[in-house]
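Chemist: Mind looking over this structure? Questions follow.
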Amino acid sequence: MTTIIVNASKLAELRIKAGFTQNLLAKASGTNVSLISRLEKGDHTPRPDSALKICNALGVRFDDLFEISDESKDSVREGG
């Protein structure tokens with residue numbers, strides 16, 4: 001299974017640097033404030049479209065905030 005992992009502290013840092021509150025980033029990205037809050041706490045993994053919308057609103061590349069984890073490949077590498 002492929003999962004998108006957020007760099008929560010980087011998201012908060014870039015949001016603040018851009019002058020956004022969580023609510024303003026949610027509006028600018030077409031998402032909701034609950035999603036932004038949960039991402040910044042590291043409590044949630046976003047859908048690809050939401051991750052891209054957030055990146056676009058902040059003017060950053062996907063790789064600046066997110067990474068892709070393929071759990072099936074990770075478990076094979078770990079011998080699981």
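The chains in the structure tokens are called A, B, ... from first to last as shown; in each chain the residues are counted from 1, and the ligands are counted from 1 in the order shown.
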Could you pull out the residues in chain A that DSSP calls helix (DSSP H, G or I) from the backbone, as an MDAnalysis selection string?

Modeler: chainID A and resid 8:17 22:29 33:41 48:58 62:65 71:77

Chemist: Can you pull out the residues contacting Asn23 (chain A)? Cut-off 10 Å, using only C-alpha atoms, and skip same-chain residues under 4 positions away; I want them as a list in words.

Modeler: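 Contacts, with the query itself left out: Lys27, Ala28, Ser29, Thr31, Asn32, Val33, Ser34, Ile36 and Ser37 of chain A.
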
Chemist: Got a sec: who's within 9 Å of Asp64 (chain A), counting only C-alpha atoms, leaving out chain neighbours fewer than 2 positions off, as a PyMOL selection string?

Modeler: chain A and resi 7+10-11+55+60-62+66-67

Chemist: If you run DSSP on the backbone here, which positions in chain A get strand (DSSP E)? Please write them as a PyMOL selection string.

Modeler: chain A and resi 2-6+66-70

Chemist: Set the distance at 8 Å and use only C-alpha atoms: which residues neighbour Ala8 (chain A) once local chain neighbours fewer than 5 positions away are removed? I'd like the list as a list in words.

Modeler: Leu39, Glu40, Lys41, Gly42 and Leu65 of chain A

Chemist: For a quick check of understanding, using only C-alpha atoms, which of A:Gly19, A:Thr2, A:Ala12, A:Gly30 has the smallest distance to Asn56 (chain A)?

Modeler: A:Gly30

Chemist: Expressed in Å to a single decimal, how great is the separation between CA of Ala18 (chain A) and CA of Ile68 (chain A)?

Modeler: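 That distance, rounded to one decimal, is 24.3 Å.
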
Chemist: Taking only C-alpha atoms into account, which of A:Arg38, A:Met1, A:Leu52, A:Leu58 comes nearest Leu24 (chain A)?

Modeler: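 Looking at the shortest contact to Leu24 (chain A), the residue is A:Leu58.
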
Chemist: Looking at A:Ile54, A:Ile5, A:Leu35, A:Gln22, which one is nearest to Asp70 (chain A), with distances taken over only C-alpha atoms?

Modeler: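 Checking each of A:Ile54, A:Ile5, A:Leu35, A:Gln22 against Asp70 (chain A), counting only C-alpha atoms, the winner is A:Ile5.
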